[in-house]
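> Take a look at this one; I'll ask things after.
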Amino acid sequence: MKKYLLIPVVLFCCSIYAQAAEMVKGKILTDKDTIDVTFKIPVFAITGDVNYIKLQEKVKYMDASGNQCVLKPDQAVEIQFTFKGSKVRMLSRYKSIYLGSMFSSNEYIFLQLLVDGGVKLFGHYRRQSSGGMYNGATGMYTGGGSHVANDYILQKGNGTLVQVYGGSFKNEMSDYFSQCPALAEMIRNKTYRIRDMEAIVKFYNTSCN
């Protein structure tokens, strides 16, 4: 009986990550050129949201001759497209810290640009799972879940990437932005928390540079 109770949970978790794709016009930016293409953007079948986990590693596109091509992060500086009314910029960055799939051999990764400026804020996406639990009173299992987690990544100028961690946020980020005492103090006194990363970076870029 217990085996059958797990089947719907497994099917549901698999369906969340079912793959689909949408054809979207966009641009590939290289060191020398800007190329107009039609991207084949991976999306989650149920939600219709962009599958950034997959897009970080590569993107398929149609060139001007109608040929299907594959672009990896080491072949471009940036890709741009508009999805559901929002402009998306994915910048190629060298993996100076561990990012992406452990099975990927790419030394570069596309990261979604959230805030541009002297300090850039990127979004890095990964799949996060939680295991199921056994209830001894009922003799039943409750299924685990799976969702897309977003990690914040910072970069000053052309420097190395820095990942933002929740547990050490106050100390690490007040030190990272120590050149701006007013901002560092707002981080220390919890005026700004990790959920405010976009506001933090915008404040630094507009008021501290």
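Going by the structure tokens order, chains are called A, B, ..., each with residues numbered from 1, while ligands are numbered from 1 in the order shown.
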Tell me, as a list of chain:residue names, which residues lie within 6 Å of stretch 107-110 of chain A, counting only C-alpha atoms; anything in the same chain fewer than 3 positions away does not count.

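Selected residues are A:Gln56, A:Glu57, A:Pro73, A:Asp74, A:Met90, A:Leu91, A:Ser92, A:Arg93, A:Tyr94, A:Lys95.
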
> Give me a file of those residues, with all heavy atoms, as a PDB file, in the first residue's frame.


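As written to disk, result_34.pdb reads:
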ATOM      1  N   GLN A  56      20.993  28.617 -18.249  1.00  0.00           N
ATOM      2  CA  GLN A  56      22.315  29.024 -17.768  1.00  0.00           C
ATOM      3  C   GLN A  56      23.441  28.282 -18.482  1.00  0.00           C
ATOM      4  O   GLN A  56      24.554  28.794 -18.591  1.00  0.00           O
ATOM      5  CB  GLN A  56      22.425  28.775 -16.256  1.00  0.00           C
ATOM      6  CG  GLN A  56      21.582  29.718 -15.427  1.00  0.00           C
ATOM      7  CD  GLN A  56      21.527  29.355 -13.963  1.00  0.00           C
ATOM      8  OE1 GLN A  56      21.263  30.212 -13.130  1.00  0.00           O
ATOM      9  NE2 GLN A  56      21.745  28.088 -13.618  1.00  0.00           N
ATOM     10  N   GLU A  57      23.155  27.069 -18.957  1.00  0.00           N
ATOM     11  CA  GLU A  57      24.185  26.220 -19.552  1.00  0.00           C
ATOM     12  C   GLU A  57      24.293  26.386 -21.066  1.00  0.00           C
ATOM     13  O   GLU A  57      25.388  26.284 -21.629  1.00  0.00           O
ATOM     14  CB  GLU A  57      23.910  24.750 -19.219  1.00  0.00           C
ATOM     15  CG  GLU A  57      23.852  24.450 -17.724  1.00  0.00           C
ATOM     16  CD  GLU A  57      25.182  24.671 -17.031  1.00  0.00           C
ATOM     17  OE1 GLU A  57      26.237  24.614 -17.713  1.00  0.00           O
ATOM     18  OE2 GLU A  57      25.175  24.913 -15.805  1.00  0.00           O
ATOM     19  N   PRO A  73      27.819  29.528 -23.102  1.00  0.00           N
ATOM     20  CA  PRO A  73      28.234  30.796 -22.493  1.00  0.00           C
ATOM     21  C   PRO A  73      29.617  31.286 -22.895  1.00  0.00           C
ATOM     22  O   PRO A  73      29.880  32.486 -22.839  1.00  0.00           O
ATOM     23  CB  PRO A  73      28.173  30.494 -20.988  1.00  0.00           C
ATOM     24  CG  PRO A  73      27.171  29.401 -20.866  1.00  0.00           C
ATOM     25  CD  PRO A  73      27.362  28.563 -22.093  1.00  0.00           C
ATOM     26  N   ASP A  74      30.517  30.387 -23.296  1.00  0.00           N
ATOM     27  CA  ASP A  74      31.850  30.829 -23.686  1.00  0.00           C
ATOM     28  C   ASP A  74      31.885  31.368 -25.117  1.00  0.00           C
ATOM     29  O   ASP A  74      32.935  31.805 -25.594  1.00  0.00           O
ATOM     30  CB  ASP A  74      32.872  29.700 -23.524  1.00  0.00           C
ATOM     31  CG  ASP A  74      32.567  28.490 -24.395  1.00  0.00           C
ATOM     32  OD1 ASP A  74      31.475  28.434 -24.988  1.00  0.00           O
ATOM     33  OD2 ASP A  74      33.431  27.594 -24.483  1.00  0.00           O
ATOM     34  N   MET A  90      21.005  37.932 -20.016  1.00  0.00           N
ATOM     35  CA  MET A  90      21.831  36.872 -19.444  1.00  0.00           C
ATOM     36  C   MET A  90      23.272  37.134 -19.865  1.00  0.00           C
ATOM     37  O   MET A  90      23.596  37.130 -21.054  1.00  0.00           O
ATOM     38  CB  MET A  90      21.383  35.502 -19.956  1.00  0.00           C
ATOM     39  CG  MET A  90      19.922  35.160 -19.726  1.00  0.00           C
ATOM     40  SD  MET A  90      19.541  34.694 -18.024  1.00  0.00           S
ATOM     41  CE  MET A  90      20.365  33.107 -17.889  1.00  0.00           C
ATOM     42  N   LEU A  91      24.144  37.389 -18.884  1.00  0.00           N
ATOM     43  CA  LEU A  91      25.536  37.718 -19.160  1.00  0.00           C
ATOM     44  C   LEU A  91      26.424  36.496 -18.936  1.00  0.00           C
ATOM     45  O   LEU A  91      26.223  35.731 -17.980  1.00  0.00           O
ATOM     46  CB  LEU A  91      26.017  38.865 -18.271  1.00  0.00           C
ATOM     47  CG  LEU A  91      25.734  40.295 -18.763  1.00  0.00           C
ATOM     48  CD1 LEU A  91      24.242  40.517 -18.983  1.00  0.00           C
ATOM     49  CD2 LEU A  91      26.307  41.310 -17.790  1.00  0.00           C
ATOM     50  N   SER A  92      27.387  36.325 -19.815  1.00  0.00           N
ATOM     51  CA  SER A  92      28.335  35.221 -19.680  1.00  0.00           C
ATOM     52  C   SER A  92      29.381  35.591 -18.642  1.00  0.00           C
ATOM     53  O   SER A  92      29.982  36.663 -18.707  1.00  0.00           O
ATOM     54  CB  SER A  92      29.007  34.938 -21.026  1.00  0.00           C
ATOM     55  OG  SER A  92      30.021  33.967 -20.881  1.00  0.00           O
ATOM     56  N   ARG A  93      29.597  34.705 -17.687  1.00  0.00           N
ATOM     57  CA  ARG A  93      30.588  34.937 -16.650  1.00  0.00           C
ATOM     58  C   ARG A  93      31.424  33.678 -16.406  1.00  0.00           C
ATOM     59  O   ARG A  93      30.909  32.565 -16.427  1.00  0.00           O
ATOM     60  CB  ARG A  93      29.908  35.360 -15.329  1.00  0.00           C
ATOM     61  CG  ARG A  93      29.388  36.802 -15.349  1.00  0.00           C
ATOM     62  CD  ARG A  93      30.519  37.772 -15.509  1.00  0.00           C
ATOM     63  NE  ARG A  93      30.114  39.171 -15.513  1.00  0.00           N
ATOM     64  CZ  ARG A  93      29.870  39.879 -16.615  1.00  0.00           C
ATOM     65  NH1 ARG A  93      29.909  39.286 -17.813  1.00  0.00           N
ATOM     66  NH2 ARG A  93      29.579  41.162 -16.542  1.00  0.00           N
ATOM     67  N   TYR A  94      32.733  33.896 -16.161  1.00  0.00           N
ATOM     68  CA  TYR A  94      33.620  32.787 -15.822  1.00  0.00           C
ATOM     69  C   TYR A  94      33.257  32.268 -14.437  1.00  0.00           C
ATOM     70  O   TYR A  94      32.988  33.045 -13.518  1.00  0.00           O
ATOM     71  CB  TYR A  94      35.079  33.256 -15.843  1.00  0.00           C
ATOM     72  CG  TYR A  94      36.063  32.188 -15.410  1.00  0.00           C
ATOM     73  CD1 TYR A  94      36.341  31.107 -16.230  1.00  0.00           C
ATOM     74  CD2 TYR A  94      36.687  32.276 -14.172  1.00  0.00           C
ATOM     75  CE1 TYR A  94      37.232  30.120 -15.827  1.00  0.00           C
ATOM     76  CE2 TYR A  94      37.591  31.299 -13.757  1.00  0.00           C
ATOM     77  CZ  TYR A  94      37.853  30.217 -14.592  1.00  0.00           C
ATOM     78  OH  TYR A  94      38.724  29.232 -14.185  1.00  0.00           O
ATOM     79  N   LYS A  95      33.248  30.965 -14.277  1.00  0.00           N
ATOM     80  CA  LYS A  95      32.870  30.360 -12.999  1.00  0.00           C
ATOM     81  C   LYS A  95      34.031  30.455 -12.004  1.00  0.00           C
ATOM     82  O   LYS A  95      34.733  29.486 -11.738  1.00  0.00           O
ATOM     83  CB  LYS A  95      32.475  28.896 -13.195  1.00  0.00           C
ATOM     84  CG  LYS A  95      31.207  28.680 -14.009  1.00  0.00           C
ATOM     85  CD  LYS A  95      30.916  27.193 -14.118  1.00  0.00           C
ATOM     86  CE  LYS A  95      29.703  26.900 -14.962  1.00  0.00           C
ATOM     87  NZ  LYS A  95      29.460  25.440 -15.097  1.00  0.00           N
TER      88      LYS A  95
END

> Give me, as a list of chain:residue names, all polymer residues having an atom no more than 9 Å from A:Lys40, counting only C-alpha atoms and skipping those fewer than 2 positions away in the same chain.

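Once the adjacent positions are removed, what remains is A:Ala21, A:Glu22, A:Met23, A:Val24, A:Lys25, A:Thr38, A:Pro42, A:Val59, A:Lys60, A:Tyr61, A:Met62.
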
> Take atom CA of A:Gly167 and atom CA of A:Ile200 and report the distance between them in Å, one decimal.

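According to the coordinates, atom CA of A:Gly167 and atom CA of A:Ile200 are separated by 17.3 Å.
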
> To one decimal place, how far is atom CA of A:Tyr52 from atom CA of A:Arg126 in Å?

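Atom-to-atom, atom CA of A:Tyr52 to atom CA of A:Arg126, that is 8.3 Å.
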
> Which parts of stretch 11-202 of chain A does DSSP call helix (DSSP H, G or I) when run on the backbone here, written out as an MDAnalysis selection string?

chainID A and resid 11:16 52:55 73:75 169:176 181:188 194:202

> Could those selected residues go to a file with N, CA, C and O atoms, as a compact mmCIF listing (two decimals), in the first residue's frame?


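Now in part.txt:
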# COMPACT_ATOMS: atom_id res chain seq x y z
N LEU A 11 5.04 11.44 -9.57
CA LEU A 11 4.54 11.97 -10.83
C LEU A 11 4.40 13.48 -10.77
O LEU A 11 4.70 14.18 -11.74
N PHE A 12 3.94 14.00 -9.61
CA PHE A 12 3.76 15.44 -9.48
C PHE A 12 5.10 16.16 -9.54
O PHE A 12 5.26 17.16 -10.23
N CYS A 13 6.10 15.63 -8.83
CA CYS A 13 7.41 16.26 -8.82
C CYS A 13 8.02 16.26 -10.21
O CYS A 13 8.68 17.22 -10.62
N CYS A 14 7.83 15.18 -10.95
CA CYS A 14 8.37 15.10 -12.31
C CYS A 14 7.66 16.10 -13.22
O CYS A 14 8.27 16.72 -14.08
N SER A 15 6.33 16.25 -13.01
CA SER A 15 5.57 17.12 -13.90
C SER A 15 5.96 18.58 -13.73
O SER A 15 5.86 19.37 -14.66
N ILE A 16 6.42 18.97 -12.54
CA ILE A 16 6.82 20.34 -12.30
C ILE A 16 7.94 20.74 -13.25
O ILE A 16 8.00 21.87 -13.75
N TYR A 52 15.42 28.89 -16.17
CA TYR A 52 16.75 29.49 -16.12
C TYR A 52 17.82 28.46 -15.78
O TYR A 52 18.99 28.64 -16.15
N ILE A 53 17.46 27.41 -15.07
CA ILE A 53 18.44 26.38 -14.73
C ILE A 53 19.06 25.82 -16.00
O ILE A 53 20.28 25.66 -16.11
N LYS A 54 18.21 25.53 -16.98
CA LYS A 54 18.68 24.99 -18.25
C LYS A 54 19.33 26.07 -19.11
O LYS A 54 20.35 25.84 -19.77
N LEU A 55 18.75 27.27 -19.09
CA LEU A 55 19.24 28.36 -19.92
C LEU A 55 20.64 28.82 -19.50
O LEU A 55 21.39 29.36 -20.31
N PRO A 73 27.82 29.53 -23.10
CA PRO A 73 28.23 30.80 -22.49
C PRO A 73 29.62 31.29 -22.89
O PRO A 73 29.88 32.49 -22.84
N ASP A 74 30.52 30.39 -23.30
CA ASP A 74 31.85 30.83 -23.69
C ASP A 74 31.89 31.37 -25.12
O ASP A 74 32.94 31.80 -25.59
N GLN A 75 30.73 31.37 -25.80
CA GLN A 75 30.68 31.82 -27.19
C GLN A 75 30.05 33.21 -27.33
O GLN A 75 29.91 33.70 -28.45
N PHE A 169 24.87 36.78 6.20
CA PHE A 169 24.56 37.97 5.40
C PHE A 169 25.03 39.26 6.04
O PHE A 169 25.72 40.07 5.41
N LYS A 170 24.66 39.50 7.30
CA LYS A 170 24.95 40.79 7.94
C LYS A 170 26.45 41.10 7.97
O LYS A 170 26.87 42.20 7.58
N ASN A 171 27.25 40.13 8.39
CA ASN A 171 28.69 40.37 8.51
C ASN A 171 29.36 40.48 7.15
O ASN A 171 30.17 41.39 6.90
N GLU A 172 29.04 39.54 6.24
CA GLU A 172 29.71 39.51 4.95
C GLU A 172 29.32 40.69 4.06
O GLU A 172 30.18 41.29 3.40
N MET A 173 28.04 41.03 4.04
CA MET A 173 27.62 42.11 3.17
C MET A 173 27.97 43.50 3.71
O MET A 173 28.25 44.41 2.94
N SER A 174 27.98 43.68 5.03
CA SER A 174 28.43 44.96 5.57
C SER A 174 29.91 45.16 5.28
O SER A 174 30.37 46.30 5.04
N ASP A 175 30.68 44.08 5.25
CA ASP A 175 32.09 44.16 4.88
C ASP A 175 32.25 44.41 3.38
O ASP A 175 33.08 45.22 2.96
N TYR A 176 31.44 43.73 2.57
CA TYR A 176 31.52 43.86 1.10
C TYR A 176 31.24 45.30 0.67
O TYR A 176 31.88 45.82 -0.25
N PRO A 181 29.83 53.60 4.09
CA PRO A 181 29.48 53.45 5.50
C PRO A 181 27.98 53.49 5.79
O PRO A 181 27.49 52.74 6.64
N ALA A 182 27.26 54.36 5.10
CA ALA A 182 25.82 54.47 5.35
C ALA A 182 25.10 53.18 4.99
O ALA A 182 24.23 52.70 5.74
N LEU A 183 25.48 52.59 3.88
CA LEU A 183 24.86 51.32 3.46
C LEU A 183 25.28 50.19 4.39
O LEU A 183 24.44 49.36 4.78
N ALA A 184 26.57 50.14 4.74
CA ALA A 184 27.05 49.09 5.64
C ALA A 184 26.30 49.12 6.97
O ALA A 184 25.96 48.08 7.53
N GLU A 185 26.02 50.32 7.47
CA GLU A 185 25.30 50.45 8.73
C GLU A 185 23.85 49.97 8.59
O GLU A 185 23.32 49.32 9.50
N MET A 186 23.22 50.26 7.46
CA MET A 186 21.85 49.81 7.26
C MET A 186 21.77 48.29 7.16
O MET A 186 20.76 47.68 7.51
N ILE A 187 22.84 47.66 6.69
CA ILE A 187 22.89 46.20 6.66
C ILE A 187 23.10 45.65 8.07
O ILE A 187 22.46 44.69 8.48
N ARG A 188 23.99 46.31 8.83
CA ARG A 188 24.26 45.84 10.19
C ARG A 188 23.04 45.98 11.09
O ARG A 188 22.77 45.11 11.93
N ILE A 194 18.58 40.18 3.31
CA ILE A 194 18.91 39.50 2.06
C ILE A 194 17.80 39.65 1.03
O ILE A 194 18.06 39.70 -0.18
N ARG A 195 16.57 39.75 1.48
CA ARG A 195 15.46 39.92 0.53
C ARG A 195 15.50 41.28 -0.17
O ARG A 195 14.80 41.51 -1.15
N ASP A 196 16.34 42.19 0.34
CA ASP A 196 16.44 43.54 -0.22
C ASP A 196 17.67 43.72 -1.10
O ASP A 196 18.11 44.86 -1.34
N MET A 197 18.22 42.63 -1.62
CA MET A 197 19.49 42.72 -2.36
C MET A 197 19.41 43.68 -3.54
O MET A 197 20.35 44.43 -3.81
N GLU A 198 18.31 43.68 -4.27
CA GLU A 198 18.21 44.59 -5.42
C GLU A 198 18.26 46.04 -4.95
O GLU A 198 18.94 46.88 -5.56
N ALA A 199 17.57 46.35 -3.87
CA ALA A 199 17.58 47.71 -3.33
C ALA A 199 18.97 48.08 -2.81
O ALA A 199 19.42 49.23 -2.97
N ILE A 200 19.65 47.13 -2.21
CA ILE A 200 21.00 47.36 -1.68
C ILE A 200 21.96 47.74 -2.80
O ILE A 200 22.70 48.72 -2.71
N VAL A 201 21.95 46.97 -3.87
CA VAL A 201 22.87 47.21 -4.98
C VAL A 201 22.53 48.51 -5.69
O VAL A 201 23.41 49.28 -6.08
N LYS A 202 21.24 48.80 -5.86
CA LYS A 202 20.85 50.07 -6.48
C LYS A 202 21.29 51.25 -5.62
O LYS A 202 21.74 52.28 -6.15

> Please measure the separation of atom CA of A:Thr34 and atom CA of A:Phe81, giving the value in Å to one decimal.

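According to the coordinates, atom CA of A:Thr34 and atom CA of A:Phe81 are separated by 12.7 Å.
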
> Find the residues near A:Leu161: any atom within 9 Å, counting only C-alpha atoms, skip ones fewer than 3 places away on the same chain, and give them as JSON, numbers by chain.

{"A": [93, 94, 95, 96, 97, 153, 154, 155, 156, 158]}

> With N, CA and C atoms retained, export the selected residues as an mmCIF file, in the first residue's frame.


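Contents of out23.cif, as written:
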data_model
loop_
_atom_site.group_PDB
_atom_site.id
_atom_site.type_symbol
_atom_site.label_atom_id
_atom_site.label_comp_id
_atom_site.auth_asym_id
_atom_site.auth_seq_id
_atom_site.Cartn_x
_atom_site.Cartn_y
_atom_site.Cartn_z
ATOM 1 N N ARG A 93 29.597 34.705 -17.687
ATOM 2 C CA ARG A 93 30.588 34.937 -16.650
ATOM 3 C C ARG A 93 31.424 33.678 -16.406
ATOM 4 N N TYR A 94 32.733 33.896 -16.161
ATOM 5 C CA TYR A 94 33.620 32.787 -15.822
ATOM 6 C C TYR A 94 33.257 32.268 -14.437
ATOM 7 N N LYS A 95 33.248 30.965 -14.277
ATOM 8 C CA LYS A 95 32.870 30.360 -12.999
ATOM 9 C C LYS A 95 34.031 30.455 -12.004
ATOM 10 N N SER A 96 34.217 31.653 -11.449
ATOM 11 C CA SER A 96 35.262 31.830 -10.440
ATOM 12 C C SER A 96 34.843 31.228 -9.103
ATOM 13 N N ILE A 97 33.567 30.898 -8.959
ATOM 14 C CA ILE A 97 33.058 30.137 -7.822
ATOM 15 C C ILE A 97 32.224 28.990 -8.380
ATOM 16 N N ILE A 153 24.186 36.641 -6.750
ATOM 17 C CA ILE A 153 25.611 36.687 -7.044
ATOM 18 C C ILE A 153 26.002 38.131 -7.302
ATOM 19 N N LEU A 154 27.093 38.587 -6.682
ATOM 20 C CA LEU A 154 27.583 39.953 -6.841
ATOM 21 C C LEU A 154 28.883 39.987 -7.630
ATOM 22 N N GLN A 155 29.103 41.100 -8.328
ATOM 23 C CA GLN A 155 30.387 41.319 -9.011
ATOM 24 C C GLN A 155 30.692 42.811 -9.048
ATOM 25 N N LYS A 156 31.836 43.180 -8.485
ATOM 26 C CA LYS A 156 32.303 44.561 -8.571
ATOM 27 C C LYS A 156 33.202 44.693 -9.787
ATOM 28 N N ASN A 158 35.097 44.129 -12.913
ATOM 29 C CA ASN A 158 35.442 42.853 -13.554
ATOM 30 C C ASN A 158 35.998 41.856 -12.549
#

> Considering only C-alpha atoms, can you say which of A:Gln128, A:Glu78, A:Tyr152, A:Ile35 comes closest to A:Leu114?

A:Tyr152

> Extract, using only C-alpha atoms, all DNA, RNA and protein residues at most 6 Å from A:Leu113, discarding same-chain residues fewer than 2 positions from it, and format them as a list in words.

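Residues meeting the cut-off are Arg89, Met90, Val115 and Phe122 of chain A.
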
> From the list A:Arg127, A:Lys58, A:Lys72, A:His147, which residue is nearest A:Thr30 when using only C-alpha atoms?

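When distances to A:Thr30 are compared using only C-alpha atoms, the smallest one comes from A:Lys72.
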